[in-house]
Amino acid sequence: MTRSDDRARPRTGWAVGALSLGTLLNPLNSSMIAVALVPLQHDFGVDVTAVTWVITSFYLASAAGQPLMGRLADRFGPRRLFLFGMVVVALACAATPFSGSFVAVCAGRVALAIGTATAFPSAIAMLRPLAAQSGVGTPRLLGRIQIANTSGAAIGPVLGGLLVTFLGWQAIFWVNVPLAVLTFFGVSLFAPRDAERERTPLGRTLAESDIPGILLFIATLTSLLVFLLDLHPQPLWWLLPVCVIAAGLFVWRELRTAHPFLDLRLLAANRRLLMVYLCFAIFNVVYYSAFFGLPQYLQTHDGYSAGVAGLLMFPLAAVTIVVTPLAARAIESVGLRPTLISGAIALVIGAALLGVAALTPAPWAVLLLTAALGIPYCIVSIAMNQALYSSARPEDSGVAAGIFQTSRYVGAIVATTLLGLLFSGGTTASSWLTAVAVATGLAVVHLALLVFVRPGRRRDEAAATG
């Protein structure tokens, strides 16, 4: 090892630390909001159905933003885009707490989602030069960033509960300001500078980003969600043809453009990959139904404070830190398919056990329930990532990974919509049991569909044998 390598490694460590801090902001803000829904209802006088938009708007922007930001990172440079995103996060989170309306809060969440969406694809793009300058392997650097993402989701409910309890819902925005500023300066000082890029006309950049496709994708989901959330007292029937037309135009656009937002031709040519996306989306519907539904139920029905509800939710994500390495070893030792099936069975059991919360609100029971659901979360998550790798062609890996993230957000959006519908008549034991029944049924569907997920044999065997 040369002296220059010795000097480069500490600098790389600081750079990866700053990148990791930036990438955890999206999962952190995704999970922190779970314990702030009830306070937001009270402060703005909105019902359960309306308050779900503070979550849905974030996921809509994230679903559209992640693939787009990956392309912009390639176009303008990952370091430059990462820094821009942190500026957006700091400004949005400094201003949103002073909003006088719930709509403005949702707009702030959209800006926060766009800012944090720059972090992960930019960080991944910077790993190669970081590995080259330090001699540290790319998988090890990627592992550190993945741990940060898992930790962000794990500490979100606890941190959010404490902030809401002592400082109000506004604090879940303010906490991002120092984190974004710290990340900005860390990346500025230690991350490698972007390589020189060919200057591209703005028109060409916009054309290759498929802005029309993104807008049609958002229009399709938004019109459908508004229709579903406004079924009571009077359905907005005119939204159904709007949704159908937007969906048709979206499919037409994606099949014709050379740079689609969602590569539908890739999905049509690889049904195995399509099944991976479908299973992963259904899995996330089940997971986020529990992640967002249980805190609302505990606060509204059982009278828990936001801080206590956050603490009770901690095992749901924290267990993943312990079990994820075990799940990875299981894939290597027994294979991908048995691990997937085992995780899916555990998901059915974990979802069904959530019904116990309607029988007893005892803290020990809730802790056991959330821990039980945390086990299938990490097993299925890592196994589905491996299924994605096994099912996608190497030349399609980048596009396939972008669609994989979008399927996660779509699952989260469907979960919040279901909760809005089921809790519209009140967050009661009966409505919670209905939500549990729906989640358990979807978990059974997820298990049944996995029968059809058959990753390529050669790559699956390579994964199983390490």
# chains A, B, ... in the order shown; residues from 1 in each chain; ligands from 1

call {"tool": "residues_around", "arguments": {"residues": "Phe173 (chain A)", "least_positions_apart": "2", "cutoff": "8 Å", "atoms": "only C-alpha atoms", "output": "list in words"}}
result
Cys93, Ala94, Thr96, Pro97, Trp169, Gln170, Ala171, Val175, Asn176 and Val177 of chain A

call {"tool": "select_by_dssp", "arguments": {"residues": "region 212-308 of chain A", "states": "alpha helix (DSSP H)", "output": "JSON, numbers by chain"}}
result
{"A": [212, 213, 214, 215, 216, 217, 218, 219, 220, 221, 222, 223, 224, 225, 226, 227, 228, 229, 239, 240, 241, 242, 243, 244, 245, 246, 247, 248, 249, 250, 251, 252, 253, 254, 255, 256, 264, 265, 266, 267, 268, 269, 271, 272, 273, 274, 275, 276, 277, 278, 279, 280, 281, 282, 283, 284, 285, 286, 287, 288, 289, 290, 291, 292, 293, 294, 295, 296, 297, 298, 299, 300, 306, 307, 308]}

call {"tool": "closest_atom_pairs", "arguments": {"of": "region 432-452 of chain A", "to": "region 362-380 of chain A", "cutoff": "12 Å", "atoms": "only C-alpha atoms", "output": "Markdown table"}}
result
| residue | atom | partner | partner_atom | distance |
| --- | --- | --- | --- | --- |
| A:Ala439 | CA | A:Leu373 | CA | 11.8 |
| A:Thr440 | CA | A:Leu373 | CA | 11.6 |
| A:Ala443 | CA | A:Pro376 | CA | 10.8 |
| A:His446 | CA | A:Val380 | CA | 10.6 |
| A:Leu447 | CA | A:Val380 | CA | 10.7 |
| A:Leu450 | CA | A:Val380 | CA | 10.9 |

call {"tool": "write_last_selection", "arguments": {"atoms": "all heavy atoms", "output": "short mmCIF file (atom, residue, chain, number, x, y, z; two decimals), in the first residue's frame"}}
result
data_model
loop_
_atom_site.label_atom_id
_atom_site.label_comp_id
_atom_site.auth_asym_id
_atom_site.auth_seq_id
_atom_site.Cartn_x
_atom_site.Cartn_y
_atom_site.Cartn_z
N ALA A 439 -54.42 -6.57 4.50
CA ALA A 439 -52.97 -6.76 4.43
C ALA A 439 -52.61 -8.25 4.42
O ALA A 439 -51.74 -8.69 3.66
CB ALA A 439 -52.29 -6.06 5.60
N THR A 440 -53.30 -9.04 5.25
CA THR A 440 -53.02 -10.47 5.29
C THR A 440 -53.40 -11.14 3.98
O THR A 440 -52.68 -12.01 3.47
CB THR A 440 -53.79 -11.12 6.45
OG1 THR A 440 -53.46 -10.46 7.68
CG2 THR A 440 -53.45 -12.59 6.57
N ALA A 443 -50.78 -10.42 1.54
CA ALA A 443 -49.59 -11.22 1.84
C ALA A 443 -49.75 -12.63 1.30
O ALA A 443 -48.77 -13.23 0.80
CB ALA A 443 -49.34 -11.25 3.34
N HIS A 446 -49.19 -12.40 -2.37
CA HIS A 446 -47.75 -12.27 -2.59
C HIS A 446 -47.06 -13.62 -2.54
O HIS A 446 -46.21 -13.95 -3.39
CB HIS A 446 -47.18 -11.32 -1.52
CG HIS A 446 -45.69 -11.25 -1.49
ND1 HIS A 446 -44.95 -11.94 -0.55
CD2 HIS A 446 -44.80 -10.58 -2.25
CE1 HIS A 446 -43.67 -11.69 -0.76
NE2 HIS A 446 -43.55 -10.88 -1.77
N LEU A 447 -47.43 -14.44 -1.57
CA LEU A 447 -46.86 -15.78 -1.45
C LEU A 447 -47.21 -16.63 -2.66
O LEU A 447 -46.35 -17.34 -3.22
CB LEU A 447 -47.36 -16.44 -0.17
CG LEU A 447 -46.98 -17.91 0.05
CD1 LEU A 447 -45.47 -18.08 0.10
CD2 LEU A 447 -47.63 -18.44 1.34
N LEU A 450 -45.24 -15.70 -5.84
CA LEU A 450 -43.82 -16.05 -5.83
C LEU A 450 -43.55 -17.41 -6.48
O LEU A 450 -42.42 -17.71 -6.84
CB LEU A 450 -43.28 -16.05 -4.39
CG LEU A 450 -42.97 -14.66 -3.83
CD1 LEU A 450 -42.51 -14.76 -2.39
CD2 LEU A 450 -41.91 -13.97 -4.66
#

call {"tool": "closest_residue", "arguments": {"among": "A:Ile282, A:Ile345, A:Ile211, A:Ala154", "to": "Leu24 (chain A)", "atoms": "only C-alpha atoms"}}
result
A:Ala154

call {"tool": "closest_atom_pairs", "arguments": {"of": "region 301-420 of chain A", "to": "region 269-281 of chain A", "cutoff": "12 Å", "atoms": "only C-alpha atoms", "output": "JSON lines"}}
result
{"residue": "A:Leu340", "atom": "CA", "partner": "A:Cys279", "partner_atom": "CA", "distance": 10.7}
{"residue": "A:Ile341", "atom": "CA", "partner": "A:Cys279", "partner_atom": "CA", "distance": 11.8}
{"residue": "A:Ala344", "atom": "CA", "partner": "A:Cys279", "partner_atom": "CA", "distance": 10.0}
{"residue": "A:Tyr377", "atom": "CA", "partner": "A:Phe280", "partner_atom": "CA", "distance": 10.9}
{"residue": "A:Val380", "atom": "CA", "partner": "A:Phe280", "partner_atom": "CA", "distance": 8.5}
{"residue": "A:Ser381", "atom": "CA", "partner": "A:Phe280", "partner_atom": "CA", "distance": 8.1}
{"residue": "A:Ile382", "atom": "CA", "partner": "A:Phe280", "partner_atom": "CA", "distance": 10.9}
{"residue": "A:Ala383", "atom": "CA", "partner": "A:Phe280", "partner_atom": "CA", "distance": 10.1}
{"residue": "A:Met384", "atom": "CA", "partner": "A:Phe280", "partner_atom": "CA", "distance": 6.9}
{"residue": "A:Asn385", "atom": "CA", "partner": "A:Val276", "partner_atom": "CA", "distance": 9.1}
{"residue": "A:Gln386", "atom": "CA", "partner": "A:Val276", "partner_atom": "CA", "distance": 10.1}
{"residue": "A:Ala387", "atom": "CA", "partner": "A:Val276", "partner_atom": "CA", "distance": 6.9}
{"residue": "A:Leu388", "atom": "CA", "partner": "A:Val276", "partner_atom": "CA", "distance": 6.5}
{"residue": "A:Tyr389", "atom": "CA", "partner": "A:Leu273", "partner_atom": "CA", "distance": 9.3}
{"residue": "A:Ser390", "atom": "CA", "partner": "A:Leu273", "partner_atom": "CA", "distance": 8.8}
{"residue": "A:Ser391", "atom": "CA", "partner": "A:Leu273", "partner_atom": "CA", "distance": 5.4}
{"residue": "A:Ala392", "atom": "CA", "partner": "A:Leu273", "partner_atom": "CA", "distance": 6.3}
{"residue": "A:Arg393", "atom": "CA", "partner": "A:Asn270", "partner_atom": "CA", "distance": 9.1}
{"residue": "A:Asp396", "atom": "CA", "partner": "A:Asn270", "partner_atom": "CA", "distance": 10.7}
{"residue": "A:Ser397", "atom": "CA", "partner": "A:Leu273", "partner_atom": "CA", "distance": 11.0}
{"residue": "A:Val399", "atom": "CA", "partner": "A:Leu273", "partner_atom": "CA", "distance": 11.7}
{"residue": "A:Ala400", "atom": "CA", "partner": "A:Leu273", "partner_atom": "CA", "distance": 8.3}
{"residue": "A:Ala401", "atom": "CA", "partner": "A:Tyr277", "partner_atom": "CA", "distance": 10.1}
{"residue": "A:Gly402", "atom": "CA", "partner": "A:Tyr277", "partner_atom": "CA", "distance": 10.9}
{"residue": "A:Ile403", "atom": "CA", "partner": "A:Tyr277", "partner_atom": "CA", "distance": 7.8}
{"residue": "A:Phe404", "atom": "CA", "partner": "A:Tyr277", "partner_atom": "CA", "distance": 6.1}
{"residue": "A:Gln405", "atom": "CA", "partner": "A:Tyr277", "partner_atom": "CA", "distance": 9.1}
{"residue": "A:Thr406", "atom": "CA", "partner": "A:Ala281", "partner_atom": "CA", "distance": 8.8}
{"residue": "A:Ser407", "atom": "CA", "partner": "A:Ala281", "partner_atom": "CA", "distance": 5.1}
{"residue": "A:Arg408", "atom": "CA", "partner": "A:Ala281", "partner_atom": "CA", "distance": 5.4}
{"residue": "A:Tyr409", "atom": "CA", "partner": "A:Ala281", "partner_atom": "CA", "distance": 7.9}
{"residue": "A:Val410", "atom": "CA", "partner": "A:Ala281", "partner_atom": "CA", "distance": 6.5}
{"residue": "A:Gly411", "atom": "CA", "partner": "A:Ala281", "partner_atom": "CA", "distance": 4.5}
{"residue": "A:Ala412", "atom": "CA", "partner": "A:Ala281", "partner_atom": "CA", "distance": 8.0}
{"residue": "A:Ile413", "atom": "CA", "partner": "A:Ala281", "partner_atom": "CA", "distance": 9.9}
{"residue": "A:Val414", "atom": "CA", "partner": "A:Ala281", "partner_atom": "CA", "distance": 9.0}
{"residue": "A:Ala415", "atom": "CA", "partner": "A:Ala281", "partner_atom": "CA", "distance": 10.0}

call {"tool": "closest_residue", "arguments": {"among": "A:Arg128, A:His301, A:Arg109, A:Arg144", "to": "Ala18 (chain A)", "atoms": "only C-alpha atoms"}}
result
A:Arg144

call {"tool": "atom_distance", "arguments": {"atom1": "CA of Gly160 (chain A)", "atom2": "CA of Cys106 (chain A)"}}
result
17.2 Å

call {"tool": "residues_around", "arguments": {"residues": "Gly186 (chain A)", "least_positions_apart": "5", "cutoff": "10 Å", "atoms": "only C-alpha atoms", "output": "ChimeraX atom specification"}}
result
/A:14-19,21-22,83,180-181,191

call {"tool": "closest_residue", "arguments": {"among": "A:Leu221, A:Ile155, A:Ala246, A:Leu68", "to": "Pro260 (chain A)", "atoms": "only C-alpha atoms"}}
result
A:Leu68

call {"tool": "residues_around", "arguments": {"residues": "Ala258 (chain A)", "least_positions_apart": "2", "cutoff": "12 Å", "atoms": "only C-alpha atoms", "output": "ChimeraX atom specification"}}
result
/A:207-210,213,253-256,260-265

call {"tool": "write_last_selection", "arguments": {"atoms": "C-alpha atoms", "output": "CSV table (one decimal), in the first residue's frame"}}
result
chain,number,residue,atom,x,y,z
A,207,ALA,CA,-36.4,15.5,-24.3
A,208,GLU,CA,-34.2,12.6,-23.0
A,209,SER,CA,-35.7,13.0,-19.5
A,210,ASP,CA,-39.2,12.1,-20.8
A,213,GLY,CA,-44.1,10.5,-19.6
A,253,ARG,CA,-45.8,7.6,-25.0
A,254,GLU,CA,-43.5,5.1,-23.3
A,255,LEU,CA,-43.7,2.6,-26.2
A,256,ARG,CA,-42.8,5.3,-28.8
A,260,PRO,CA,-38.9,6.2,-21.7
A,261,PHE,CA,-39.4,7.1,-18.0
A,262,LEU,CA,-40.6,3.5,-17.5
A,263,ASP,CA,-39.4,1.1,-20.1
A,264,LEU,CA,-42.5,-0.9,-20.8
A,265,ARG,CA,-40.8,-2.7,-23.7

call {"tool": "residues_around", "arguments": {"residues": "Ser424 (chain A)", "least_positions_apart": "4", "cutoff": "12 Å", "atoms": "only C-alpha atoms", "output": "count of residues only"}}
result
22

call {"tool": "residues_around", "arguments": {"residues": "Asp194 (chain A)", "least_positions_apart": "4", "cutoff": "9 Å", "atoms": "only C-alpha atoms", "output": "ChimeraX atom specification"}}
result
/A:76-80,126

call {"tool": "write_last_selection", "arguments": {"atoms": "all heavy atoms", "output": "PDB file, in the first residue's frame"}}
result
ATOM      1  N   PHE A  76     -25.397  15.990 -15.726  1.00  0.00           N
ATOM      2  CA  PHE A  76     -24.761  17.180 -15.166  1.00  0.00           C
ATOM      3  C   PHE A  76     -23.633  16.875 -14.174  1.00  0.00           C
ATOM      4  O   PHE A  76     -22.906  17.773 -13.772  1.00  0.00           O
ATOM      5  CB  PHE A  76     -25.809  18.053 -14.461  1.00  0.00           C
ATOM      6  CG  PHE A  76     -26.868  18.578 -15.383  1.00  0.00           C
ATOM      7  CD1 PHE A  76     -28.162  18.066 -15.338  1.00  0.00           C
ATOM      8  CD2 PHE A  76     -26.574  19.555 -16.315  1.00  0.00           C
ATOM      9  CE1 PHE A  76     -29.134  18.549 -16.192  1.00  0.00           C
ATOM     10  CE2 PHE A  76     -27.552  20.035 -17.179  1.00  0.00           C
ATOM     11  CZ  PHE A  76     -28.838  19.538 -17.122  1.00  0.00           C
ATOM     12  N   GLY A  77     -23.522  15.632 -13.757  1.00  0.00           N
ATOM     13  CA  GLY A  77     -22.509  15.258 -12.781  1.00  0.00           C
ATOM     14  C   GLY A  77     -23.139  14.931 -11.449  1.00  0.00           C
ATOM     15  O   GLY A  77     -23.949  15.718 -10.931  1.00  0.00           O
ATOM     16  N   PRO A  78     -22.815  13.773 -10.844  1.00  0.00           N
ATOM     17  CA  PRO A  78     -23.465  13.353  -9.594  1.00  0.00           C
ATOM     18  C   PRO A  78     -23.166  14.274  -8.414  1.00  0.00           C
ATOM     19  O   PRO A  78     -24.050  14.541  -7.600  1.00  0.00           O
ATOM     20  CB  PRO A  78     -22.923  11.937  -9.367  1.00  0.00           C
ATOM     21  CG  PRO A  78     -21.654  11.876 -10.160  1.00  0.00           C
ATOM     22  CD  PRO A  78     -21.873  12.760 -11.350  1.00  0.00           C
ATOM     23  N   ARG A  79     -21.932  14.755  -8.318  1.00  0.00           N
ATOM     24  CA  ARG A  79     -21.585  15.638  -7.194  1.00  0.00           C
ATOM     25  C   ARG A  79     -22.376  16.940  -7.272  1.00  0.00           C
ATOM     26  O   ARG A  79     -22.919  17.422  -6.266  1.00  0.00           O
ATOM     27  CB  ARG A  79     -20.085  15.918  -7.207  1.00  0.00           C
ATOM     28  CG  ARG A  79     -19.590  16.813  -6.059  1.00  0.00           C
ATOM     29  CD  ARG A  79     -18.073  16.929  -6.143  1.00  0.00           C
ATOM     30  NE  ARG A  79     -17.530  17.773  -5.090  1.00  0.00           N
ATOM     31  CZ  ARG A  79     -17.393  19.093  -5.184  1.00  0.00           C
ATOM     32  NH1 ARG A  79     -17.782  19.712  -6.302  1.00  0.00           N
ATOM     33  NH2 ARG A  79     -16.879  19.787  -4.196  1.00  0.00           N
ATOM     34  N   ARG A  80     -22.445  17.500  -8.455  1.00  0.00           N
ATOM     35  CA  ARG A  80     -23.175  18.754  -8.644  1.00  0.00           C
ATOM     36  C   ARG A  80     -24.663  18.575  -8.320  1.00  0.00           C
ATOM     37  O   ARG A  80     -25.276  19.416  -7.649  1.00  0.00           O
ATOM     38  CB  ARG A  80     -22.991  19.227 -10.085  1.00  0.00           C
ATOM     39  CG  ARG A  80     -23.553  20.606 -10.380  1.00  0.00           C
ATOM     40  CD  ARG A  80     -23.252  21.027 -11.811  1.00  0.00           C
ATOM     41  NE  ARG A  80     -21.820  21.247 -11.989  1.00  0.00           N
ATOM     42  CZ  ARG A  80     -21.053  20.485 -12.757  1.00  0.00           C
ATOM     43  NH1 ARG A  80     -21.563  19.442 -13.405  1.00  0.00           N
ATOM     44  NH2 ARG A  80     -19.772  20.750 -12.888  1.00  0.00           N
ATOM     45  N   MET A 126     -21.014   8.077  -7.594  1.00  0.00           N
ATOM     46  CA  MET A 126     -19.718   8.531  -7.083  1.00  0.00           C
ATOM     47  C   MET A 126     -18.901   7.411  -6.448  1.00  0.00           C
ATOM     48  O   MET A 126     -17.737   7.615  -6.092  1.00  0.00           O
ATOM     49  CB  MET A 126     -19.920   9.670  -6.079  1.00  0.00           C
ATOM     50  CG  MET A 126     -20.188  11.016  -6.720  1.00  0.00           C
ATOM     51  SD  MET A 126     -20.235  12.382  -5.513  1.00  0.00           S
ATOM     52  CE  MET A 126     -21.974  12.356  -5.070  1.00  0.00           C
TER      53      MET A 126
END

call {"tool": "closest_residue", "arguments": {"among": "A:Gln234, A:Thr183, A:Thr324, A:Thr165", "to": "Leu311 (chain A)", "atoms": "only C-alpha atoms"}}
result
A:Thr165

call {"tool": "decode", "arguments": {"residues": "region 431-453 of chain A", "atoms": "N, CA and C atoms", "output": "tab-separated table (two decimals), in the first residue's frame"}}
result
chain	number	residue	atom	x	y	z
A	431	SER	N	-62.22	-1.09	12.10
A	431	SER	CA	-61.53	-0.65	10.89
A	431	SER	C	-60.09	-1.15	10.86
A	432	TRP	N	-59.46	-1.24	12.04
A	432	TRP	CA	-58.10	-1.78	12.08
A	432	TRP	C	-58.08	-3.25	11.70
A	433	LEU	N	-59.05	-4.02	12.21
A	433	LEU	CA	-59.12	-5.44	11.85
A	433	LEU	C	-59.37	-5.62	10.35
A	434	THR	N	-60.15	-4.70	9.77
A	434	THR	CA	-60.37	-4.76	8.32
A	434	THR	C	-59.07	-4.50	7.57
A	435	ALA	N	-58.31	-3.52	8.04
A	435	ALA	CA	-57.01	-3.22	7.42
A	435	ALA	C	-56.07	-4.41	7.55
A	436	VAL	N	-56.09	-5.06	8.70
A	436	VAL	CA	-55.25	-6.24	8.91
A	436	VAL	C	-55.67	-7.37	7.97
A	437	ALA	N	-56.98	-7.55	7.82
A	437	ALA	CA	-57.48	-8.60	6.94
A	437	ALA	C	-57.05	-8.35	5.49
A	438	VAL	N	-57.13	-7.10	5.05
A	438	VAL	CA	-56.72	-6.77	3.69
A	438	VAL	C	-55.22	-7.02	3.52
A	439	ALA	N	-54.42	-6.57	4.50
A	439	ALA	CA	-52.97	-6.76	4.43
A	439	ALA	C	-52.61	-8.25	4.42
A	440	THR	N	-53.30	-9.04	5.25
A	440	THR	CA	-53.02	-10.47	5.29
A	440	THR	C	-53.40	-11.14	3.98
A	441	GLY	N	-54.54	-10.73	3.40
A	441	GLY	CA	-54.94	-11.28	2.11
A	441	GLY	C	-53.93	-10.97	1.02
A	442	LEU	N	-53.41	-9.74	1.03
A	442	LEU	CA	-52.40	-9.37	0.04
A	442	LEU	C	-51.10	-10.15	0.27
A	443	ALA	N	-50.78	-10.42	1.54
A	443	ALA	CA	-49.59	-11.22	1.84
A	443	ALA	C	-49.75	-12.63	1.30
A	444	VAL	N	-50.96	-13.17	1.35
A	444	VAL	CA	-51.21	-14.50	0.79
A	444	VAL	C	-51.06	-14.46	-0.74
A	445	VAL	N	-51.58	-13.40	-1.36
A	445	VAL	CA	-51.42	-13.23	-2.81
A	445	VAL	C	-49.95	-13.14	-3.17
A	446	HIS	N	-49.19	-12.40	-2.37
A	446	HIS	CA	-47.75	-12.27	-2.59
A	446	HIS	C	-47.06	-13.62	-2.54
A	447	LEU	N	-47.43	-14.44	-1.57
A	447	LEU	CA	-46.86	-15.78	-1.45
A	447	LEU	C	-47.21	-16.63	-2.66
A	448	ALA	N	-48.46	-16.54	-3.11
A	448	ALA	CA	-48.89	-17.35	-4.25
A	448	ALA	C	-48.17	-16.92	-5.53
A	449	LEU	N	-47.97	-15.62	-5.72
A	449	LEU	CA	-47.32	-15.13	-6.93
A	449	LEU	C	-45.85	-15.53	-7.00
A	450	LEU	N	-45.24	-15.70	-5.84
A	450	LEU	CA	-43.82	-16.05	-5.83
A	450	LEU	C	-43.55	-17.41	-6.48
A	451	VAL	N	-44.59	-18.20	-6.62
A	451	VAL	CA	-44.44	-19.48	-7.31
A	451	VAL	C	-43.98	-19.24	-8.75
A	452	PHE	N	-44.36	-18.07	-9.29
A	452	PHE	CA	-44.05	-17.78	-10.69
A	452	PHE	C	-42.76	-16.98	-10.84
A	453	VAL	N	-42.12	-16.58	-9.74
A	453	VAL	CA	-40.86	-15.84	-9.82
A	453	VAL	C	-39.73	-16.85	-9.91
